[in-house]
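Below is one structure, written out as structure tokens, with a few remarks after it.
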Amino acid sequence: MAINRSPNVCLRAVREDQWKQSRAEFARELQAKADEMGERQLSVDARLIARWEDGDTTRPRPIYRRVLVALTGLTEAELGIGPKLPKAPPQCPLPLLSVEAVDRRQFLAVTTLPLATFGAGPSGRCVDPAIVDYFHEQLDGHYRADVMLGPHHLVPTVIVQYQLIVKLLDQASGDVRRRLLQVAAAYCGLVTWLYQDTGDLGQATVWANQTLELAHRAGDTQLVSHALTNKAMVAMDAGDGRATVELSSSALRDGRLLCPKVRVQAMQQAAHGHAMLGDRAEADAFLDGAAKLLGRVDDDYPWGNACRRTEDYVEIQRATCYSRLHMGAEATVLWEQVLRVLPPTSRRDGGVFLARQATALADQQRLPESVDALVGAVRVAHETGSARLHGEVEAAWRQLAPWHHEPEVRQAEQLVADLGGRPANG
């Protein structure tokens, strides 16, 4: 199938009209900014600028986008380098979208529940309480499907169902309305995660904010904490360790009122934030606390169940934190333990873990093993289309940068390149 290459007119206009520089001159400026920001592993030249401007790559990778924004003072949208994925509904007060805006055939394709069961009574102004249970069951299924399908297949389905929940809020009152607000917040939380996994942090932020609003409107302390943890996850993916710690701390503020699962969620996220800031002691303290709570997780919430469904959950988080701290030897031992027991259905997660293992092995200069793990991660990335996994592959390849010309490392170059762009240059 032919690749549709769309030239980046915005980026070219910035370079030519505002900076009045050749590609080589602009590349030198960008390289200097990357070095100034401490991103010395990046390699920028005129060929890379040409690939971005001519559409040979879909867009610069996240780390390059950050440097471009820092250099030019413009937003990703103004540079034309923002995500090209389908957008979620715009952020606005509820009701966010009406179900009439959804194509009926699309709706029927994602739910077989008859429309007549949504309301009852002669006025048509009440909602059967059983519908809340229906949406809870659907949500649990969506989380399970995400592990196998990835985000791109699920985003349209989940958004359509969310829109329907919003429509039902118009007809609900009392306890049913409160429960519908809870389930609407839970669906928003899932969409937040799905957009994170596609790499669209802008849309993830929109949905995370909507999740928090709905959780407050429902008056649900557990969901408010869950929503704050979701926002901490977005901050983590954006590379903001301080915000990750602050949001996680806010999520834990009412700790005595929180169920064990919600506390585990927030504590492991706090650990990641401290690891990003280079604080191993705090990261370990939060993870040790989360490990003590795991056996007490027994709630019926359909969201946030990764800690219950994932074997070695806390050790996965610890291995990730150690990778962030460049503790290669300690991280490698944990990744070997995790990958031994990972079920074959968790393909995307397995790919992420392999890429992180590759980074840890590169830290120790165990090149053949690092390349083997990286090749395995790349193959999963092709299957799932997960932007999160692509980012982990990119990080592993950067860690191998000093040895890119070694024969044992070069064998992975084309595989990494097939994910988009020349691997050595991003």
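Convention: chains lettered A, B, ... in structure tokens order; per-chain residue numbering from 1; ligands numbered from 1 as shown.
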
Non-local contacts of Ser248 in chain A (7 Å; only C-alpha atoms; under 6 positions in same chain excluded) as a PyMOL selection string: chain A and resi 228-229+232+266+269-270

Could the residues in this selection be saved with all heavy atoms as a tab-separated table (two decimals), in the first residue's frame?
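Writing done, so here's result30.tsv:
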```
chain	number	residue	atom	x	y	z
A	228	LEU	N	-7.18	12.11	39.60
A	228	LEU	CA	-5.91	12.80	39.85
A	228	LEU	C	-4.72	11.92	39.47
A	228	LEU	O	-3.71	12.39	38.94
A	228	LEU	CB	-5.82	13.21	41.32
A	228	LEU	CG	-6.70	14.40	41.72
A	228	LEU	CD1	-6.78	14.50	43.24
A	228	LEU	CD2	-6.17	15.70	41.13
A	229	THR	N	-4.85	10.61	39.73
A	229	THR	CA	-3.79	9.68	39.34
A	229	THR	C	-3.67	9.61	37.82
A	229	THR	O	-2.56	9.55	37.27
A	229	THR	CB	-4.05	8.29	39.92
A	229	THR	OG1	-4.13	8.38	41.35
A	229	THR	CG2	-2.94	7.32	39.56
A	232	ALA	N	-1.74	12.47	36.79
A	232	ALA	CA	-0.33	12.24	37.09
A	232	ALA	C	0.32	11.38	36.02
A	232	ALA	O	1.49	11.59	35.66
A	232	ALA	CB	-0.19	11.59	38.47
A	266	ALA	N	-2.28	5.42	43.23
A	266	ALA	CA	-1.62	6.70	43.45
A	266	ALA	C	-0.19	6.51	43.97
A	266	ALA	O	0.72	7.27	43.60
A	266	ALA	CB	-2.44	7.52	44.44
A	269	GLN	N	2.19	5.58	41.21
A	269	GLN	CA	2.42	6.73	40.34
A	269	GLN	C	3.37	7.72	41.01
A	269	GLN	O	4.23	8.30	40.35
A	269	GLN	CB	1.09	7.40	39.99
A	269	GLN	CG	1.15	8.22	38.73
A	269	GLN	CD	1.58	7.40	37.53
A	269	GLN	OE1	1.01	6.37	37.24
A	269	GLN	NE2	2.60	7.86	36.84
A	270	ALA	N	3.21	7.90	42.31
A	270	ALA	CA	4.15	8.76	43.05
A	270	ALA	C	5.57	8.21	42.95
A	270	ALA	O	6.54	8.97	42.81
A	270	ALA	CB	3.72	8.86	44.51
```

Selection near range 39-54 of chain A, 12 Å with only C-alpha atoms, sequence-local residues under 4 positions removed, as an NGL selection string: :A and (4-16 or 21-35 or 58-68 or 79-81 or 394-404 or 420-426)

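Here CA of His216 in chain A is placed at a distance of 26.4 Å from CA of Asp146 in chain A.
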
Selected residue of minimal separation from His390 in chain A among A:Arg410, A:Arg356, A:Arg144, A:Arg318, counting only C-alpha atoms: A:Arg356

Alpha helix (DSSP H) positions in range 14-93 of chain A, given as a VMD selection string: chain A and resid 23 to 36 46 to 54 62 to 72 76 to 79

Put those residues in a file: N, CA and C atoms, as an mmCIF file, in the first residue's frame.
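Saved as again20.cif:
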```cif
data_model
loop_
_atom_site.group_PDB
_atom_site.id
_atom_site.type_symbol
_atom_site.label_atom_id
_atom_site.label_comp_id
_atom_site.auth_asym_id
_atom_site.auth_seq_id
_atom_site.Cartn_x
_atom_site.Cartn_y
_atom_site.Cartn_z
ATOM 1 N N ARG A 23 18.232 24.489 5.548
ATOM 2 C CA ARG A 23 18.010 23.332 6.406
ATOM 3 C C ARG A 23 19.237 23.025 7.257
ATOM 4 N N ALA A 24 20.408 23.179 6.685
ATOM 5 C CA ALA A 24 21.637 22.904 7.434
ATOM 6 C C ALA A 24 21.797 23.884 8.590
ATOM 7 N N GLU A 25 21.511 25.169 8.335
ATOM 8 C CA GLU A 25 21.632 26.172 9.394
ATOM 9 C C GLU A 25 20.612 25.918 10.507
ATOM 10 N N PHE A 26 19.386 25.597 10.107
ATOM 11 C CA PHE A 26 18.337 25.329 11.098
ATOM 12 C C PHE A 26 18.676 24.082 11.913
ATOM 13 N N ALA A 27 19.247 23.086 11.251
ATOM 14 C CA ALA A 27 19.643 21.856 11.944
ATOM 15 C C ALA A 27 20.701 22.154 13.005
ATOM 16 N N ARG A 28 21.651 23.035 12.676
ATOM 17 C CA ARG A 28 22.695 23.385 13.648
ATOM 18 C C ARG A 28 22.083 24.091 14.866
ATOM 19 N N GLU A 29 21.125 24.989 14.609
ATOM 20 C CA GLU A 29 20.443 25.675 15.720
ATOM 21 C C GLU A 29 19.706 24.658 16.599
ATOM 22 N N LEU A 30 19.045 23.707 15.952
ATOM 23 C CA LEU A 30 18.269 22.714 16.700
ATOM 24 C C LEU A 30 19.190 21.794 17.498
ATOM 25 N N GLN A 31 20.317 21.413 16.906
ATOM 26 C CA GLN A 31 21.284 20.575 17.611
ATOM 27 C C GLN A 31 21.831 21.299 18.844
ATOM 28 N N ALA A 32 22.108 22.603 18.694
ATOM 29 C CA ALA A 32 22.624 23.386 19.820
ATOM 30 C C ALA A 32 21.593 23.459 20.943
ATOM 31 N N LYS A 33 20.319 23.624 20.580
ATOM 32 C CA LYS A 33 19.257 23.675 21.594
ATOM 33 C C LYS A 33 19.122 22.324 22.296
ATOM 34 N N ALA A 34 19.233 21.245 21.540
ATOM 35 C CA ALA A 34 19.156 19.910 22.147
ATOM 36 C C ALA A 34 20.294 19.713 23.143
ATOM 37 N N ASP A 35 21.496 20.123 22.768
ATOM 38 C CA ASP A 35 22.648 20.008 23.675
ATOM 39 C C ASP A 35 22.425 20.852 24.923
ATOM 40 N N GLU A 36 21.888 22.068 24.729
ATOM 41 C CA GLU A 36 21.619 22.966 25.862
ATOM 42 C C GLU A 36 20.611 22.355 26.833
ATOM 43 N N ALA A 46 20.641 18.197 8.224
ATOM 44 C CA ALA A 46 19.739 18.723 7.201
ATOM 45 C C ALA A 46 18.829 17.627 6.637
ATOM 46 N N ARG A 47 19.319 16.373 6.586
ATOM 47 C CA ARG A 47 18.487 15.285 6.057
ATOM 48 C C ARG A 47 17.282 15.035 6.946
ATOM 49 N N LEU A 48 17.476 15.158 8.249
ATOM 50 C CA LEU A 48 16.361 14.961 9.176
ATOM 51 C C LEU A 48 15.318 16.061 8.991
ATOM 52 N N ILE A 49 15.764 17.313 8.874
ATOM 53 C CA ILE A 49 14.828 18.414 8.633
ATOM 54 C C ILE A 49 14.063 18.180 7.334
ATOM 55 N N ALA A 50 14.762 17.698 6.313
ATOM 56 C CA ALA A 50 14.113 17.423 5.020
ATOM 57 C C ALA A 50 13.040 16.356 5.164
ATOM 58 N N ARG A 51 13.329 15.299 5.926
ATOM 59 C CA ARG A 51 12.323 14.238 6.092
ATOM 60 C C ARG A 51 11.070 14.763 6.771
ATOM 61 N N TRP A 52 11.257 15.645 7.773
ATOM 62 C CA TRP A 52 10.090 16.227 8.440
ATOM 63 C C TRP A 52 9.303 17.108 7.476
ATOM 64 N N GLU A 53 10.000 17.966 6.749
ATOM 65 C CA GLU A 53 9.311 18.932 5.890
ATOM 66 C C GLU A 53 8.685 18.270 4.661
ATOM 67 N N ASP A 54 9.320 17.234 4.152
ATOM 68 C CA ASP A 54 8.826 16.588 2.930
ATOM 69 C C ASP A 54 7.813 15.493 3.204
ATOM 70 N N PRO A 62 8.557 12.504 19.871
ATOM 71 C CA PRO A 62 8.270 13.422 20.983
ATOM 72 C C PRO A 62 9.464 14.216 21.478
ATOM 73 N N ILE A 63 10.612 13.566 21.613
ATOM 74 C CA ILE A 63 11.767 14.272 22.160
ATOM 75 C C ILE A 63 12.212 15.393 21.225
ATOM 76 N N TYR A 64 12.085 15.180 19.889
ATOM 77 C CA TYR A 64 12.426 16.220 18.926
ATOM 78 C C TYR A 64 11.384 17.331 18.923
ATOM 79 N N ARG A 65 10.117 16.956 19.135
ATOM 80 C CA ARG A 65 9.062 17.973 19.178
ATOM 81 C C ARG A 65 9.309 18.929 20.344
ATOM 82 N N ARG A 66 9.744 18.390 21.480
ATOM 83 C CA ARG A 66 10.014 19.244 22.642
ATOM 84 C C ARG A 66 11.140 20.235 22.338
ATOM 85 N N VAL A 67 12.172 19.772 21.648
ATOM 86 C CA VAL A 67 13.290 20.664 21.325
ATOM 87 C C VAL A 67 12.864 21.718 20.310
ATOM 88 N N LEU A 68 12.064 21.325 19.320
ATOM 89 C CA LEU A 68 11.565 22.295 18.324
ATOM 90 C C LEU A 68 10.731 23.383 18.986
ATOM 91 N N VAL A 69 9.876 22.982 19.913
ATOM 92 C CA VAL A 69 9.046 23.957 20.627
ATOM 93 C C VAL A 69 9.925 24.897 21.449
ATOM 94 N N ALA A 70 10.932 24.326 22.139
ATOM 95 C CA ALA A 70 11.830 25.150 22.960
ATOM 96 C C ALA A 70 12.639 26.126 22.107
ATOM 97 N N LEU A 71 13.066 25.683 20.934
ATOM 98 C CA LEU A 71 13.881 26.537 20.068
ATOM 99 C C LEU A 71 13.066 27.679 19.464
ATOM 100 N N THR A 72 11.889 27.365 18.947
ATOM 101 C CA THR A 72 11.124 28.356 18.183
ATOM 102 C C THR A 72 10.179 29.196 19.041
ATOM 103 N N GLU A 76 3.255 23.054 19.160
ATOM 104 C CA GLU A 76 3.297 21.963 18.178
ATOM 105 C C GLU A 76 2.309 22.221 17.049
ATOM 106 N N ALA A 77 1.124 22.737 17.396
ATOM 107 C CA ALA A 77 0.120 23.013 16.356
ATOM 108 C C ALA A 77 0.618 24.072 15.379
ATOM 109 N N GLU A 78 1.267 25.139 15.904
ATOM 110 C CA GLU A 78 1.773 26.206 15.035
ATOM 111 C C GLU A 78 2.902 25.711 14.142
ATOM 112 N N LEU A 79 3.641 24.713 14.613
ATOM 113 C CA LEU A 79 4.722 24.135 13.808
ATOM 114 C C LEU A 79 4.228 23.039 12.871
#
```
